[in-house]
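Here is the structure we will look at.
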Amino acid sequence: MTTTPEQNQYDLELKGITKHFGSFMAVGNLSLSVERGQFVCLLGPSGCGKTTTLRIIAGLEEPEKGEVWIDGRRVDDDPPWVRDFAMMFQDFALFPHMTIRKQVAFGLEMLKRPKEEIRRRVDETLATFEIGALADRKPDTLSGGQQQRVALARALITQPRLLLLDEPIGSLDFSLREAVMLELKDVQRRLGISFIWVTHDQNEAFSLGDLVVVMNHARIEQVGPPEAIAERPRTRFVAEFIQGNNVFEGTVESVENGNARIGTPSGSFDVPVEDAPLLAPGAVVTFSVRADILSTRPQAEHVNRLEATCNAVEYLGAIRRYDLQLEDGRSLKYEQFRSAAARIKEGERVSIGWRVEDGVLHASPSAPSDEHRA
Amino acid sequence: MHWRTRQKAAKIILGGITFFFLIFQWFPLFTMGVLSFTGPDDGTTFPMRSLSLHWYREFLRDSFVDDFKPPMYRSLVLAVICSVTTAGLALAAAQAMRSRFAGSDLFFYLILLGIMAPGILVGLGMAVVARVLGIPLAWYSTTLAVHLVWTLPFGLLLLLAAFNRFDRELEEAALTLGANRWSAFWRITFPLVLPGVIGAALFGFTLSYDEFARSLFATGSEQTLPLIIFAQFDRQLQPTLYAIGTTTTVISLGMVGLFALLFRIVRRRAQTTSPGVN
């Protein structure tokens, strides 16, 4: 994506951030730009560096290298308390000795606003987040959902450009999560500020993020809108981390007309080359095909074919997932909407096919891209 | 034996041991308390032929008060100074140790040595050093110093325990809300470890108030209460001493009660809803 050199175009920019804990690299040369008012989800397994990245933005960790820019201002030499952002912690980190009114006023008191203004703005904020009735209570008497609202009110009262959220619904009851997610998304849209939301849950990332940043081993694997991540996983890691992909590994046999023929233990398949025009025969590569794009009644256009036996059927909410066994013993996932008629029974043999353009060739792991533009 | 019977037997035996231990702990003090009410013609031991407040009157007599009042005053003032100083230093030391500064382990063990070192030798050492340096011995300087060496480790241990229960994320939350380190400490950290600070102050007070061994050589001519009581034994043994002992014990218990009350108030304020609000 192209950028124009306009002032304050970004709520957040990270440039070449690197951070080690001892010899463990937590964040490696990470760059990311967040345009105004974007909902960004940092998605990855635990230990991938997403929380460390968040803490570096906040100033709670110091990177060895790199720059942090918030709202057009370089802040990596500033302590946390002068940076213009707010943060929500996983367990909300409410102050146990303060009433809700006191907690919410805290940010404004630190800014040394006049008493009258603080009282007015606290009243407004308590009303906005519908926690006015809790004003004189202390956090330990509140439910998880109420605590979450208080934490949000406390964070947003100073009207920051940027809200950092560290697994903000991870400690809520499962039944509450969806409602809270919608509420937070609504708050973000209304205020027009950027959210940086750390999660290991791809459903959260996909349903909330304007932009999803998939991280692994201290690096960014892929940045893009949810559909792009789901449909065109850039690396093998992304394809495997995001559920619903079938990953094949094989050797390039030939490259013709923009397609590579890739020999795998399960057969040879044609995959579009796209961004890797220099791919040469003999190279070991991986590619993936989404489980819900496979066809069980292959037509002429479904050039890539496989024979399989159905092992098991799983029901996952709105989808039905079939575990198919290929002739070489490997397994293949096939997904169907549950509303569609069940086509395959356990033990049944099926023909599977997919079009050339359904395959996604992965970038080789030795060539990580370091620059990501939102 | 059935396991329930064994369990019952164990309860009775352990309960009995605990009971006898408590008697063993408190009986000497109790005996002293009883004997302080003995009659004017009785000696310092049983049997008690009559009950009276004679020895309390004796203890409050002018000449006696003149002897005991100044040391009692000194001991109280010393204990209060020691209490405040212990709480302050222990808080600072525990806060510093959270950052695991270079040598913090060594620092911890060196402070802890104050508990291990034999008190009478610490006092003697202080006296020698003071003489070499030309510092006059006094209850408010040299004695205070040796008392602090004794009380600080207790305070530090208490505050380390308090910080151990403290959630560091609360401080970080304060920093992200615009509080600098100073504000975050006084607005968030301090109120939440205050029960530990009060505990450290209590140790500082009670350990100093009745300290004898460390005071013995370090104090000089203006003596503290435990020293003057001991000197009294040398001259003559009279039930007056029991009256004095009982009085000071009551003062000590009163202080413990006061601190306990303070502790409860602070704890309640820190953790639950204020009363009357729902």
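Labels used: A, B, ... for chains in the order of the structure tokens, numbers from 1 for residues in each chain, and numbers from 1 for ligands as shown.
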For chain A, report every residue with an atom at most 6 Å from chain B (counting only C-alpha atoms), formatted as a PyMOL selection string.
chain A and resi 80-81+86+93+96-97+107+110+137-138
Residues of range 145-243 of chain B in alpha helix (DSSP H) according to DSSP, as a ChimeraX atom specification?
/B:145-164,168-176,181-184,190-209,213-218,225-235,240-243
Excluding same-chain residues fewer than 6 positions from Tyr109 in chain B, what lies within 12 Å of it counting only C-alpha atoms, as a PyMOL selection string?
chain B and resi 97+103+115-117+153+156-157
In terms of only C-alpha atoms, the residue from A:Asp210, A:Asp201, A:Asp292, A:Glu274 at minimal distance from Lys185 in chain A is A:Asp210
Near range 127-136 of chain B, counting only C-alpha atoms, which residues have an atom at most 10 Å away, once you skip same-chain residues fewer than 6 positions from it, shown as a VMD selection string?
chain B and resid 121 142 to 143 215 to 220
For the selection just defined, write its residues with N, CA and C atoms to a file, as a PDB file, in the first residue's frame.
ATOM      1  N   LEU B 121      27.310  -8.565  72.202  1.00  0.00           N
ATOM      2  CA  LEU B 121      28.566  -8.252  71.514  1.00  0.00           C
ATOM      3  C   LEU B 121      28.395  -7.075  70.558  1.00  0.00           C
ATOM      4  N   THR B 142      23.837   6.157  70.028  1.00  0.00           N
ATOM      5  CA  THR B 142      24.462   4.833  69.912  1.00  0.00           C
ATOM      6  C   THR B 142      23.464   3.713  70.189  1.00  0.00           C
ATOM      7  N   THR B 143      22.613   3.907  71.194  1.00  0.00           N
ATOM      8  CA  THR B 143      21.629   2.865  71.504  1.00  0.00           C
ATOM      9  C   THR B 143      20.633   2.718  70.357  1.00  0.00           C
ATOM     10  N   SER B 215      21.510  -2.750  74.590  1.00  0.00           N
ATOM     11  CA  SER B 215      21.601  -1.446  75.236  1.00  0.00           C
ATOM     12  C   SER B 215      22.703  -1.402  76.289  1.00  0.00           C
ATOM     13  N   LEU B 216      23.030  -2.576  76.851  1.00  0.00           N
ATOM     14  CA  LEU B 216      23.849  -2.631  78.064  1.00  0.00           C
ATOM     15  C   LEU B 216      25.135  -1.812  77.982  1.00  0.00           C
ATOM     16  N   PHE B 217      25.935  -2.026  76.939  1.00  0.00           N
ATOM     17  CA  PHE B 217      27.213  -1.318  76.837  1.00  0.00           C
ATOM     18  C   PHE B 217      27.121  -0.051  75.991  1.00  0.00           C
ATOM     19  N   ALA B 218      26.031   0.062  75.219  1.00  0.00           N
ATOM     20  CA  ALA B 218      25.981   1.132  74.220  1.00  0.00           C
ATOM     21  C   ALA B 218      25.346   2.411  74.749  1.00  0.00           C
ATOM     22  N   THR B 219      24.809   2.371  75.987  1.00  0.00           N
ATOM     23  CA  THR B 219      23.902   3.434  76.376  1.00  0.00           C
ATOM     24  C   THR B 219      24.518   4.600  77.163  1.00  0.00           C
ATOM     25  N   GLY B 220      25.549   4.337  77.904  1.00  0.00           N
ATOM     26  CA  GLY B 220      26.122   5.446  78.677  1.00  0.00           C
ATOM     27  C   GLY B 220      25.377   5.663  79.986  1.00  0.00           C
TER      28      GLY B 220
END
Could you give me, as a ChimeraX atom specification, the residues within 6 Å of range 47-52 of chain B, counting only C-alpha atoms and dropping anything in the same chain fewer than 6 positions from it?
/B:37-39
Written file, previous selection with C-alpha atoms, as a compact mmCIF listing (two decimals), in the first residue's frame:
# COMPACT_ATOMS: atom_id res chain seq x y z
CA PHE B 37 -0.72 -7.22 93.96
CA THR B 38 0.77 -8.82 97.05
CA GLY B 39 0.48 -7.25 100.51
My list of candidates is B:Val84, B:Leu258, B:Leu237, B:Ile228. Which is closest to Phe68 in chain B when distances are computed with only C-alpha atoms?
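Using only C-alpha atoms, the shortest distance to Phe68 in chain B belongs to B:Ile228.
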What lies within 6 Å of Ala87 in chain B using only C-alpha atoms, ignoring chain neighbours under 6 positions off, as a list in words?
Val197, Ala200 and Ala201 of chain B
Got a sec: who's within 10 Å of Ile57 in chain A, counting only C-alpha atoms, leaving out chain neighbours fewer than 3 positions off, as a PyMOL selection string?
chain A and resi 12-14+17+51-54+60-63+67-70+75-76+80+83+85+164+196
Which is closer to Leu332 in chain A than all the others in A:Leu316, A:Ala291, A:Leu361, A:Ile220, using only C-alpha atoms?
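When distances to Leu332 in chain A are compared using only C-alpha atoms, the smallest one comes from A:Ala291.
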